[in-house]
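Listing of entry_19.csv; format and content: CSV, C-alpha atoms (C1' of nucleotides).
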chain,number,residue,atom,x,y,z
A,1,MET,CA,4.5,-2.4,8.2
A,2,PRO,CA,4.1,-3.5,11.7
A,3,ASN,CA,1.1,-2.9,14.0
A,4,ASP,CA,3.4,-1.4,16.6
A,5,ALA,CA,0.6,0.7,18.0
A,6,LYS,CA,-0.6,-2.3,19.9
A,7,THR,CA,2.8,-3.4,20.9
A,8,GLU,CA,2.4,-1.6,24.2
A,9,GLU,CA,4.8,1.4,24.9
A,10,VAL,CA,2.7,4.5,25.1
A,11,ARG,CA,3.1,6.7,22.1
A,12,SER,CA,3.7,9.7,24.4
A,13,HIS,CA,6.1,12.0,22.7
A,14,ALA,CA,8.9,11.0,25.0
A,15,ALA,CA,12.0,13.0,24.3
A,16,ASP,CA,14.4,10.1,23.6
A,17,THR,CA,17.3,12.4,22.9
A,18,ARG,CA,19.7,9.7,22.2
A,19,PRO,CA,21.4,10.4,18.8
A,20,LEU,CA,20.6,8.2,15.9
A,21,ASP,CA,23.3,5.8,14.8
A,22,ALA,CA,24.0,4.6,11.3
A,23,PHE,CA,21.5,1.7,11.7
A,24,ASP,CA,18.7,4.0,12.8
A,25,ARG,CA,19.3,6.3,9.9
A,26,ARG,CA,19.2,3.5,7.4
A,27,ILE,CA,16.1,2.1,8.9
A,28,LEU,CA,14.4,5.5,8.7
A,29,GLY,CA,15.6,5.9,5.2
A,30,GLU,CA,14.0,2.7,4.1
A,31,LEU,CA,10.7,3.3,6.0
A,32,ALA,CA,10.4,6.8,4.6
A,33,VAL,CA,10.3,5.4,1.1
A,34,ASP,CA,8.3,2.2,1.8
A,35,ALA,CA,6.8,1.3,5.1
A,36,SER,CA,5.2,-1.9,3.8
A,37,LEU,CA,8.4,-3.9,4.5
A,38,SER,CA,8.4,-6.8,6.9
A,39,TYR,CA,10.9,-6.8,9.7
A,40,ALA,CA,12.7,-9.6,8.0
A,41,GLU,CA,13.2,-7.7,4.7
A,42,LEU,CA,14.0,-4.5,6.6
A,43,GLY,CA,16.6,-6.3,8.6
A,44,ARG,CA,18.2,-7.8,5.5
A,45,LEU,CA,18.4,-4.3,3.9
A,46,VAL,CA,20.1,-2.7,6.9
A,47,GLY,CA,22.1,-5.7,8.1
A,48,LEU,CA,20.3,-6.6,11.3
A,49,SER,CA,18.2,-9.4,12.6
A,50,ALA,CA,14.4,-9.1,12.6
A,51,PRO,CA,14.1,-8.8,16.4
A,52,ALA,CA,16.8,-6.1,16.4
A,53,VAL,CA,15.1,-3.9,13.8
A,54,HIS,CA,11.8,-4.4,15.5
A,55,GLU,CA,13.2,-3.1,18.7
A,56,ARG,CA,14.7,-0.1,17.0
A,57,VAL,CA,11.6,0.8,15.0
A,58,LYS,CA,9.6,0.6,18.3
A,59,ARG,CA,12.0,3.0,19.8
A,60,LEU,CA,11.9,5.3,16.8
A,61,ARG,CA,8.1,5.4,17.0
A,62,ALA,CA,7.9,5.9,20.7
A,63,SER,CA,10.4,8.8,20.5
A,64,GLY,CA,8.3,10.6,18.0
A,65,ARG,CA,10.8,10.5,15.2
A,66,VAL,CA,8.4,8.3,13.2
A,67,ARG,CA,5.1,10.2,13.4
A,68,GLY,CA,3.1,7.4,11.8
A,69,THR,CA,2.6,5.5,8.6
A,70,VAL,CA,0.2,6.7,6.0
A,71,ALA,CA,-1.0,5.8,2.5
A,72,VAL,CA,0.2,8.3,0.0
A,73,LEU,CA,-2.8,9.2,-2.2
A,74,ASP,CA,-2.4,10.4,-5.8
A,75,GLY,CA,-4.1,13.8,-5.9
A,76,PRO,CA,-5.2,13.9,-9.5
A,77,SER,CA,-6.7,10.4,-9.6
A,78,THR,CA,-8.5,10.9,-6.3
A,79,GLY,CA,-10.4,13.9,-7.4
A,80,LYS,CA,-7.9,16.7,-6.6
A,81,PRO,CA,-6.0,17.6,-9.7
A,82,PHE,CA,-5.6,21.3,-8.6
A,83,LEU,CA,-2.6,22.3,-6.4
A,84,ALA,CA,-1.6,25.8,-5.3
A,85,PHE,CA,0.5,27.6,-2.8
A,86,VAL,CA,-1.0,30.7,-1.3
A,87,HIS,CA,0.9,33.5,0.4
A,88,VAL,CA,-1.2,35.3,3.0
A,89,ASP,CA,-0.4,38.8,4.4
A,90,THR,CA,-2.0,39.5,7.7
A,91,THR,CA,-2.6,42.7,9.7
A,92,GLY,CA,-0.4,42.6,12.7
A,93,TRP,CA,1.2,39.5,14.1
A,94,GLY,CA,0.1,36.4,15.9
A,95,LYS,CA,-3.0,35.8,13.9
A,96,THR,CA,-2.0,32.2,13.3
A,97,HIS,CA,-4.6,30.7,15.6
A,98,GLU,CA,-7.3,32.3,13.5
A,99,LEU,CA,-6.1,30.6,10.4
A,100,MET,CA,-6.0,27.3,12.3
A,101,ALA,CA,-9.8,27.1,11.7
A,102,LEU,CA,-8.9,26.2,8.2
A,103,THR,CA,-7.4,22.9,9.4
A,104,GLU,CA,-10.9,21.4,9.2
A,105,LEU,CA,-10.8,21.7,5.4
A,106,PRO,CA,-9.3,18.5,3.9
A,107,GLU,CA,-8.1,20.6,1.0
A,108,LEU,CA,-5.6,22.4,3.2
A,109,GLU,CA,-2.4,20.4,3.5
A,110,GLU,CA,0.1,22.8,5.0
A,111,ILE,CA,0.1,26.0,7.1
A,112,HIS,CA,3.4,27.7,7.9
A,113,SER,CA,4.4,31.0,9.2
A,114,VAL,CA,7.4,32.2,7.2
A,115,ALA,CA,10.1,34.9,7.1
A,116,GLY,CA,10.1,37.0,3.9
A,117,ASP,CA,7.7,39.3,2.1
A,118,THR,CA,4.7,37.5,3.3
A,119,CYS,CA,3.4,36.2,6.7
A,120,MET,CA,1.8,32.8,6.1
A,121,LEU,CA,2.2,30.2,3.5
A,122,LEU,CA,-0.5,27.7,2.6
A,123,LYS,CA,-0.5,24.6,0.5
A,124,VAL,CA,-3.9,23.7,-1.0
A,125,ARG,CA,-5.0,20.7,-3.1
A,126,CYS,CA,-8.5,20.7,-4.4
A,127,LYS,CA,-10.9,19.8,-7.1
A,128,SER,CA,-10.7,22.9,-9.3
A,129,SER,CA,-9.9,26.6,-9.5
A,130,ARG,CA,-13.5,27.2,-8.2
A,131,ALA,CA,-12.6,25.4,-5.0
A,132,LEU,CA,-9.5,27.6,-4.6
A,133,GLU,CA,-11.7,30.6,-5.1
A,134,GLY,CA,-13.8,29.3,-2.3
A,135,LEU,CA,-10.8,29.2,0.0
A,136,LEU,CA,-9.8,32.7,-0.9
A,137,ALA,CA,-13.3,33.9,-0.2
A,138,ARG,CA,-13.1,32.3,3.2
A,139,LEU,CA,-9.6,33.9,3.8
A,140,TYR,CA,-10.7,37.4,2.9
A,141,ALA,CA,-13.7,37.0,5.2
A,142,MET,CA,-11.2,37.0,8.0
A,143,PRO,CA,-10.5,40.5,9.4
A,144,CYS,CA,-6.8,39.6,9.8
A,145,VAL,CA,-6.2,38.8,6.2
A,146,LYS,CA,-4.9,41.7,4.2
A,147,ALA,CA,-3.8,40.2,0.9
A,148,THR,CA,-3.0,36.9,-0.8
A,149,ARG,CA,-0.9,35.8,-3.7
A,150,SER,CA,-1.6,32.4,-5.2
A,151,TYR,CA,0.9,30.3,-7.1
A,152,VAL,CA,-1.0,27.7,-9.1
A,153,VAL,CA,1.1,24.6,-9.7
A,154,LEU,CA,1.4,23.7,-13.4
A,155,SER,CA,3.4,20.5,-13.0
A,156,THR,CA,4.8,18.6,-10.1
A,157,TYR,CA,8.2,17.1,-10.7
A,158,LEU,CA,9.0,15.8,-7.2
A,159,GLU,CA,6.8,15.4,-4.1
A,160,ARG,CA,7.8,13.3,-1.1
A,161,THR,CA,7.8,13.2,2.7
A,162,PRO,CA,10.9,14.0,4.8
A,163,GLN,CA,13.7,11.7,3.9
A,164,ALA,CA,16.4,10.4,6.2
A,165,ASP,CA,19.9,11.0,4.9
A,166,ILE,CA,22.8,8.6,5.5
A,167,THR,CA,25.1,11.6,4.8
A,168,ASP,CA,24.1,15.2,4.9
A,169,ALA,CA,24.7,16.1,1.2
A,170,LEU,CA,24.3,19.8,1.4
A,171,GLU,CA,26.5,20.1,4.5
A,172,ASN,CA,29.6,19.1,2.6
A,173,ASP,CA,29.4,22.1,0.3
A,174,ARG,CA,31.9,24.6,-1.0
A,175,SER,CA,30.3,27.6,0.6
A,176,MET,CA,32.3,30.5,2.2
A,177,ALA,CA,32.4,28.6,5.5
A,178,HIS,CA,36.2,28.8,5.9
A,179,PRO,CA,37.0,32.3,4.3
A,180,GLY,CA,40.5,32.4,5.6
A,181,GLN,CA,41.3,29.1,4.1
B,1,MET,CA,-0.9,-2.4,6.7
B,2,PRO,CA,-1.1,-5.1,4.2
B,3,ASN,CA,1.8,-6.5,2.3
B,4,ASP,CA,-0.1,-6.1,-0.9
B,5,ALA,CA,3.0,-5.8,-3.0
B,6,LYS,CA,3.4,-9.6,-2.9
B,7,THR,CA,-0.3,-10.3,-3.5
B,8,GLU,CA,0.3,-10.4,-7.3
B,9,GLU,CA,-1.4,-7.8,-9.4
B,10,VAL,CA,1.3,-5.8,-11.1
B,11,ARG,CA,1.6,-2.3,-9.8
B,12,SER,CA,1.5,-0.9,-13.3
B,13,HIS,CA,-0.2,2.4,-13.3
B,14,ALA,CA,-3.3,1.0,-15.0
B,15,ALA,CA,-5.9,3.7,-15.7
B,16,ASP,CA,-8.7,2.2,-13.8
B,17,THR,CA,-11.0,5.1,-14.5
B,18,ARG,CA,-14.0,3.8,-12.6
B,19,PRO,CA,-15.2,6.5,-10.3
B,20,LEU,CA,-14.8,6.1,-6.6
B,21,ASP,CA,-17.9,5.3,-4.6
B,22,ALA,CA,-18.6,6.3,-1.0
B,23,PHE,CA,-16.8,3.1,0.3
B,24,ASP,CA,-13.7,3.8,-1.6
B,25,ARG,CA,-13.5,7.4,-0.4
B,26,ARG,CA,-14.0,6.4,3.2
B,27,ILE,CA,-11.3,3.7,2.8
B,28,LEU,CA,-8.9,6.2,1.3
B,29,GLY,CA,-9.7,8.7,4.0
B,30,GLU,CA,-8.8,6.3,6.7
B,31,LEU,CA,-5.6,5.1,5.1
B,32,ALA,CA,-4.4,8.6,4.4
B,33,VAL,CA,-4.4,9.2,8.1
B,34,ASP,CA,-3.3,5.8,9.4
B,35,ALA,CA,-2.2,3.0,7.1
B,36,SER,CA,-1.3,0.7,10.0
B,37,LEU,CA,-4.8,-0.6,10.2
B,38,SER,CA,-5.7,-4.2,9.8
B,39,TYR,CA,-8.3,-5.1,7.2
B,40,ALA,CA,-10.5,-6.2,10.0
B,41,GLU,CA,-10.4,-2.8,11.7
B,42,LEU,CA,-10.6,-0.9,8.4
B,43,GLY,CA,-13.7,-3.0,7.5
B,44,ARG,CA,-15.3,-2.1,10.8
B,45,LEU,CA,-14.6,1.6,10.3
B,46,VAL,CA,-16.2,1.8,6.9
B,47,GLY,CA,-18.8,-0.9,7.2
B,48,LEU,CA,-17.5,-3.7,5.1
B,49,SER,CA,-16.1,-7.2,5.6
B,50,ALA,CA,-12.4,-7.8,5.7
B,51,PRO,CA,-12.2,-9.6,2.4
B,52,ALA,CA,-14.2,-6.8,0.7
B,53,VAL,CA,-12.0,-4.0,1.9
B,54,HIS,CA,-8.9,-6.1,1.0
B,55,GLU,CA,-10.3,-6.4,-2.6
B,56,ARG,CA,-10.9,-2.6,-2.7
B,57,VAL,CA,-7.6,-1.6,-1.3
B,58,LYS,CA,-5.9,-3.9,-3.8
B,59,ARG,CA,-7.8,-2.2,-6.6
B,60,LEU,CA,-7.0,1.3,-5.3
B,61,ARG,CA,-3.3,0.4,-5.2
B,62,ALA,CA,-3.3,-1.2,-8.6
B,63,SER,CA,-5.1,1.8,-10.1
B,64,GLY,CA,-2.4,4.2,-8.8
B,65,ARG,CA,-4.7,6.1,-6.6
B,66,VAL,CA,-2.7,4.8,-3.6
B,67,ARG,CA,0.9,5.5,-4.5
B,68,GLY,CA,2.4,3.6,-1.6
B,69,THR,CA,2.6,3.6,2.2
B,70,VAL,CA,5.4,5.5,3.9
B,71,ALA,CA,6.6,6.3,7.4
B,72,VAL,CA,6.1,10.0,8.1
B,73,LEU,CA,9.4,11.2,9.7
B,74,ASP,CA,9.5,14.1,12.1
B,75,GLY,CA,11.9,16.6,10.5
B,76,PRO,CA,13.3,18.3,13.7
B,77,SER,CA,13.9,15.1,15.6
B,78,THR,CA,15.5,13.4,12.7
B,79,GLY,CA,18.2,16.0,12.1
B,80,LYS,CA,16.4,18.5,9.8
B,81,PRO,CA,14.9,21.3,11.8
B,82,PHE,CA,15.2,23.8,9.0
B,83,LEU,CA,12.5,24.1,6.4
B,84,ALA,CA,12.2,26.6,3.6
B,85,PHE,CA,10.4,27.3,0.3
B,86,VAL,CA,12.5,28.7,-2.5
B,87,HIS,CA,11.1,30.5,-5.5
B,88,VAL,CA,13.4,30.1,-8.5
B,89,ASP,CA,13.3,32.5,-11.6
B,90,THR,CA,14.8,30.9,-14.7
B,91,THR,CA,16.0,32.4,-18.0
B,92,GLY,CA,13.6,31.2,-20.7
B,93,TRP,CA,11.3,28.3,-20.3
B,94,GLY,CA,11.5,24.5,-20.1
B,95,LYS,CA,14.5,24.4,-17.9
B,96,THR,CA,12.8,22.0,-15.5
B,97,HIS,CA,14.8,19.0,-16.5
B,98,GLU,CA,18.0,20.8,-15.4
B,99,LEU,CA,16.5,21.3,-12.0
B,100,MET,CA,15.7,17.6,-11.9
B,101,ALA,CA,19.3,16.9,-11.1
B,102,LEU,CA,18.5,18.2,-7.6
B,103,THR,CA,16.2,15.2,-7.0
B,104,GLU,CA,19.2,13.3,-5.8
B,105,LEU,CA,19.4,15.6,-2.8
B,106,PRO,CA,17.4,14.1,0.0
B,107,GLU,CA,16.9,17.6,1.4
B,108,LEU,CA,14.7,18.5,-1.6
B,109,GLU,CA,11.2,17.4,-1.0
B,110,GLU,CA,9.2,19.1,-3.7
B,111,ILE,CA,9.7,20.6,-7.1
B,112,HIS,CA,6.9,22.4,-8.9
B,113,SER,CA,6.5,24.7,-11.9
B,114,VAL,CA,4.0,27.4,-11.0
B,115,ALA,CA,2.1,30.3,-12.5
B,116,GLY,CA,2.7,33.6,-10.9
B,117,ASP,CA,5.7,35.9,-10.4
B,118,THR,CA,8.1,33.1,-10.3
B,119,CYS,CA,8.9,30.0,-12.4
B,120,MET,CA,9.7,27.1,-10.1
B,121,LEU,CA,8.9,26.5,-6.4
B,122,LEU,CA,11.0,24.2,-4.2
B,123,LYS,CA,10.5,22.8,-0.8
B,124,VAL,CA,13.7,22.1,1.1
B,125,ARG,CA,14.2,20.5,4.6
B,126,CYS,CA,17.7,20.4,5.9
B,127,LYS,CA,20.0,20.6,8.9
B,128,SER,CA,20.6,24.3,9.0
B,129,SER,CA,20.7,27.6,7.2
B,130,ARG,CA,24.2,26.6,6.1
B,131,ALA,CA,22.7,23.7,4.2
B,132,LEU,CA,20.2,26.0,2.5
B,133,GLU,CA,23.1,28.2,1.5
B,134,GLY,CA,24.7,25.1,-0.1
B,135,LEU,CA,21.5,24.5,-2.1
B,136,LEU,CA,21.4,28.1,-3.3
B,137,ALA,CA,25.0,27.9,-4.3
B,138,ARG,CA,24.2,24.9,-6.3
B,139,LEU,CA,21.2,26.6,-7.9
B,140,TYR,CA,23.1,29.7,-8.9
B,141,ALA,CA,25.8,27.5,-10.4
B,142,MET,CA,23.2,26.6,-13.0
B,143,PRO,CA,23.2,28.9,-16.1
B,144,CYS,CA,19.4,28.8,-16.2
B,145,VAL,CA,18.9,30.2,-12.7
B,146,LYS,CA,18.4,33.9,-12.7
B,147,ALA,CA,17.2,34.6,-9.2
B,148,THR,CA,15.8,33.0,-6.1
B,149,ARG,CA,13.7,34.2,-3.2
B,150,SER,CA,13.7,32.0,0.0
B,151,TYR,CA,10.9,31.8,2.5
B,152,VAL,CA,12.2,30.4,5.7
B,153,VAL,CA,9.6,28.6,7.8
B,154,LEU,CA,9.3,29.9,11.3
B,155,SER,CA,6.6,27.5,12.5
B,156,THR,CA,4.6,24.7,11.0
B,157,TYR,CA,1.0,24.5,12.1
B,158,LEU,CA,-0.2,21.9,9.7
B,159,GLU,CA,1.5,19.4,7.4
B,160,ARG,CA,-0.1,16.3,6.0
B,161,THR,CA,-0.3,14.3,2.8
B,162,PRO,CA,-3.3,14.5,0.4
B,163,GLN,CA,-6.5,13.7,2.1
B,164,ALA,CA,-9.6,12.0,0.7
B,165,ASP,CA,-12.8,14.0,1.3
B,166,ILE,CA,-16.2,12.4,1.9
B,167,THR,CA,-17.7,15.7,0.7
B,168,ASP,CA,-15.9,18.4,-1.2
B,169,ALA,CA,-16.0,21.2,1.4
B,170,LEU,CA,-14.8,24.1,-0.7
B,171,GLU,CA,-17.0,23.3,-3.6
B,172,ASN,CA,-20.2,24.1,-1.7
B,173,ASP,CA,-19.1,27.7,-1.2
B,174,ARG,CA,-20.9,31.0,-1.7
B,175,SER,CA,-18.7,32.3,-4.5
B,176,MET,CA,-20.0,34.3,-7.5
B,177,ALA,CA,-20.8,31.2,-9.4
B,178,HIS,CA,-24.4,32.1,-10.1
B,179,PRO,CA,-24.2,35.9,-10.6
B,180,GLY,CA,-27.6,36.2,-12.2
B,181,GLN,CA,-29.3,34.2,-9.5
C,1,DC,C1',-21.6,-8.1,-1.4
C,2,DT,C1',-21.6,-11.8,2.7
C,3,DT,C1',-19.8,-15.7,6.0
C,4,DG,C1',-16.7,-19.4,7.0
C,5,DA,C1',-12.7,-21.9,7.0
C,6,DA,C1',-8.0,-23.3,6.0
C,7,DA,C1',-3.1,-22.3,5.0
C,8,DG,C1',0.8,-19.4,5.4
C,9,DC,C1',3.3,-15.8,7.0
C,10,DT,C1',4.5,-12.1,10.3
C,11,DC,C1',4.7,-10.4,14.5
C,12,DT,C1',5.8,-10.7,19.4
C,13,DG,C1',8.0,-12.3,23.2
C,14,DT,C1',11.0,-15.3,25.6
C,15,DA,C1',15.2,-17.6,26.2
C,16,DA,C1',20.1,-18.4,25.9
C,17,DG,C1',24.7,-17.2,24.0
D,1,DC,C1',23.9,-7.7,19.3
D,2,DT,C1',22.7,-12.8,17.7
D,3,DT,C1',19.9,-17.3,16.9
D,4,DA,C1',16.1,-20.2,18.0
D,5,DC,C1',11.6,-21.5,19.4
D,6,DA,C1',6.6,-20.9,20.2
D,7,DG,C1',2.0,-18.8,20.5
D,8,DA,C1',-1.0,-15.5,18.7
D,9,DG,C1',-2.8,-12.8,15.3
D,10,DC,C1',-3.4,-11.3,10.8
D,11,DT,C1',-3.4,-11.8,5.9
D,12,DT,C1',-4.8,-14.2,1.9
D,13,DT,C1',-7.4,-17.2,-0.7
D,14,DC,C1',-11.0,-20.1,-1.8
D,15,DA,C1',-15.7,-21.8,-1.4
D,16,DA,C1',-20.6,-21.2,-1.2
D,17,DG,C1',-24.8,-18.2,-0.7
Take the structure I supplied and represent it as structure tokens, if you would.
Amino acid sequence: MPNDAKTEEVRSHAADTRPLDAFDRRILGELAVDASLSYAELGRLVGLSAPAVHERVKRLRASGRVRGTVAVLDGPSTGKPFLAFVHVDTTGWGKTHELMALTELPELEEIHSVAGDTCMLLKVRCKSSRALEGLLARLYAMPCVKATRSYVVLSTYLERTPQADITDALENDRSMAHPGQ
Amino acid sequence: MPNDAKTEEVRSHAADTRPLDAFDRRILGELAVDASLSYAELGRLVGLSAPAVHERVKRLRASGRVRGTVAVLDGPSTGKPFLAFVHVDTTGWGKTHELMALTELPELEEIHSVAGDTCMLLKVRCKSSRALEGLLARLYAMPCVKATRSYVVLSTYLERTPQADITDALENDRSMAHPGQ
DNA sequence: CTTGAAAGCTCTGTAAG
DNA sequence: CTTACAGAGCTTTCAAG
């Protein structure tokens, strides 16, 4: 876990559009699981020298493909055992910027606009059902909010940040991609 | 970004049930946003000395409240611009362990069992809609899967890992907690 | 909890192949 | 890309208050 922030190289989201090679993907794969690796260990894992991986990680950070390194907190043991997804139906379209005011709430982890039988999808992690009620009250206080449907999580079996694949597993499927075959 | 893994102190999920004080919450709050801080900087931010914060972070890691530190990858620029949530209806109950086989797919980021008009909720990030179709094909190949509803993400406005609050914002709400008041 | 100091390791950059 | 060599900085630990 390198202090690359101070390594120079402005963190401007430069559009380094060069495609990732196999080394880059392996590096990203390891860092997505454990960013507390030294460059020496990381290099050993992917088969490169420490200076080489350092250079690549620096590039990956500068290009915006690595957004940052964070500590993953355990919700239940840090005071937030309650997790829920909330579907929000809005009146009209383009009301997303009104919902952006909710970003200030640390309980809100995700805000997406989606296609389907709802408009927006929220992920909320909070202390209790009372806290979720507080969020719903705040939602319905907005004129653009027409209805909500909440899905309270009973158990979480998997939860992780975006992974980097060596091979795209789902792409090599037996779908009806080649019907005439 | 300390290499606390090698500091000793087994990472066994010991149930250190001591409540978090204000310092712990501030430390967790900072690390959840940026874990690439030196103990010196972190100490300056929360008002403690470097050895003191080091001791606390070590405790927070050992207690399982910090599950690890990871690099947050940018989905679109790392080959996965397609994000979707999938509701899965199963026949009967307790079929979760069958869905656990999907954990091997790096495209799958979350698996929850939920209360509401569906049984399971998945979060999938993949290369294309074709890849999502591959996942659905794999889902319907399972005898326990009765139906699915997919919510394709059009735009993501917020996406972050669990945050640590200094104050529980949603708890101090004006809900109908004290009706007789 | 603090300060201070010492030891060890990593990072970071440079240089040469 | 590699190996190798330094300087700088940080982590980590211990001691003492």
Working over all C-alpha atoms in order, superimpose chain B onto chain A by least squares and state the RMSD in Å.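 Rounded to one decimal, the C-alpha RMSD is 0.1 Å.
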My list of candidates is B:Val66, B:Leu170, B:Ala71, B:Met100. Which is closest to Arg138 of chain A when distances are computed with all atoms listed in the file?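 With all atoms listed in the file as the atom set, the closest residue is B:Leu170.
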Write out as a PDB file with C-alpha atoms (C1' of nucleotides), in the coordinates of the input which residues come within 10 Å of DG9 of chain D when counting all atoms listed in the file, dropping same-chain ones fewer than 6 positions away.
ATOM      1  C1'  DT C  10       4.500 -12.100  10.300  1.00  0.00           C
ATOM      2  C1'  DC C  11       4.700 -10.400  14.500  1.00  0.00           C
ATOM      3  C1'  DT C  12       5.800 -10.700  19.400  1.00  0.00           C
TER       4       DT C  12
END
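Picture a line from atom CA of Ala164 of chain A to atom CA of Pro51 of chain A; it runs 21.9 Å.
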For chain A, which residues have at least one atom within 9 Å of chain D, if we go by only C-alpha atoms (C1' of nucleotides)? Write them as a short mmCIF file (atom, residue, chain, number, x, y, z; two decimals) with C-alpha atoms, in the coordinates of the input, please.
data_model
loop_
_atom_site.label_atom_id
_atom_site.label_comp_id
_atom_site.auth_asym_id
_atom_site.auth_seq_id
_atom_site.Cartn_x
_atom_site.Cartn_y
_atom_site.Cartn_z
CA LEU A 48 20.30 -6.60 11.30
CA SER A 49 18.20 -9.40 12.60
CA ALA A 52 16.80 -6.10 16.40
#
Please find the residues of chain A near chain B - the criterion being any atom within 6 Å, counting all atoms listed in the file - and write them as number ranges by chain. A: 1, 3, 31-36, 65-74, 77, 106, 109-116, 131, 134, 151-160, 162-163, 170-171, 173
Let me see the file: selected residues, C-alpha atoms, as a PDB file, in the frame of the given file.
ATOM      1  CA  MET A   1       4.500  -2.400   8.200  1.00  0.00           C
ATOM      2  CA  ASN A   3       1.100  -2.900  14.000  1.00  0.00           C
ATOM      3  CA  LEU A  31      10.700   3.300   6.000  1.00  0.00           C
ATOM      4  CA  ALA A  32      10.400   6.800   4.600  1.00  0.00           C
ATOM      5  CA  VAL A  33      10.300   5.400   1.100  1.00  0.00           C
ATOM      6  CA  ASP A  34       8.300   2.200   1.800  1.00  0.00           C
ATOM      7  CA  ALA A  35       6.800   1.300   5.100  1.00  0.00           C
ATOM      8  CA  SER A  36       5.200  -1.900   3.800  1.00  0.00           C
ATOM      9  CA  ARG A  65      10.800  10.500  15.200  1.00  0.00           C
ATOM     10  CA  VAL A  66       8.400   8.300  13.200  1.00  0.00           C
ATOM     11  CA  ARG A  67       5.100  10.200  13.400  1.00  0.00           C
ATOM     12  CA  GLY A  68       3.100   7.400  11.800  1.00  0.00           C
ATOM     13  CA  THR A  69       2.600   5.500   8.600  1.00  0.00           C
ATOM     14  CA  VAL A  70       0.200   6.700   6.000  1.00  0.00           C
ATOM     15  CA  ALA A  71      -1.000   5.800   2.500  1.00  0.00           C
ATOM     16  CA  VAL A  72       0.200   8.300   0.000  1.00  0.00           C
ATOM     17  CA  LEU A  73      -2.800   9.200  -2.200  1.00  0.00           C
ATOM     18  CA  ASP A  74      -2.400  10.400  -5.800  1.00  0.00           C
ATOM     19  CA  SER A  77      -6.700  10.400  -9.600  1.00  0.00           C
ATOM     20  CA  PRO A 106      -9.300  18.500   3.900  1.00  0.00           C
ATOM     21  CA  GLU A 109      -2.400  20.400   3.500  1.00  0.00           C
ATOM     22  CA  GLU A 110       0.100  22.800   5.000  1.00  0.00           C
ATOM     23  CA  ILE A 111       0.100  26.000   7.100  1.00  0.00           C
ATOM     24  CA  HIS A 112       3.400  27.700   7.900  1.00  0.00           C
ATOM     25  CA  SER A 113       4.400  31.000   9.200  1.00  0.00           C
ATOM     26  CA  VAL A 114       7.400  32.200   7.200  1.00  0.00           C
ATOM     27  CA  ALA A 115      10.100  34.900   7.100  1.00  0.00           C
ATOM     28  CA  GLY A 116      10.100  37.000   3.900  1.00  0.00           C
ATOM     29  CA  ALA A 131     -12.600  25.400  -5.000  1.00  0.00           C
ATOM     30  CA  GLY A 134     -13.800  29.300  -2.300  1.00  0.00           C
ATOM     31  CA  TYR A 151       0.900  30.300  -7.100  1.00  0.00           C
ATOM     32  CA  VAL A 152      -1.000  27.700  -9.100  1.00  0.00           C
ATOM     33  CA  VAL A 153       1.100  24.600  -9.700  1.00  0.00           C
ATOM     34  CA  LEU A 154       1.400  23.700 -13.400  1.00  0.00           C
ATOM     35  CA  SER A 155       3.400  20.500 -13.000  1.00  0.00           C
ATOM     36  CA  THR A 156       4.800  18.600 -10.100  1.00  0.00           C
ATOM     37  CA  TYR A 157       8.200  17.100 -10.700  1.00  0.00           C
ATOM     38  CA  LEU A 158       9.000  15.800  -7.200  1.00  0.00           C
ATOM     39  CA  GLU A 159       6.800  15.400  -4.100  1.00  0.00           C
ATOM     40  CA  ARG A 160       7.800  13.300  -1.100  1.00  0.00           C
ATOM     41  CA  PRO A 162      10.900  14.000   4.800  1.00  0.00           C
ATOM     42  CA  GLN A 163      13.700  11.700   3.900  1.00  0.00           C
ATOM     43  CA  LEU A 170      24.300  19.800   1.400  1.00  0.00           C
ATOM     44  CA  GLU A 171      26.500  20.100   4.500  1.00  0.00           C
ATOM     45  CA  ASP A 173      29.400  22.100   0.300  1.00  0.00           C
TER      46      ASP A 173
END
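Considering the residues A:Lys95, A:Ala50, A:Ala62, A:Ala22 and counting all atoms listed in the file, chain C has its shortest atom-to-atom contact with A:Ala50.
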Atom CA of Glu98 of chain B and atom CA of Cys144 of chain B, how far apart in Å? 8.2 Å
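Interatomic distance, atom CA of Arg18 of chain B against atom CA of Arg59 of chain B: 10.5 Å.
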Check: which chain C residues lie within 10 Å of chain B using only C-alpha atoms (C1' of nucleotides), as a ChimeraX atom specification: /C:1-3
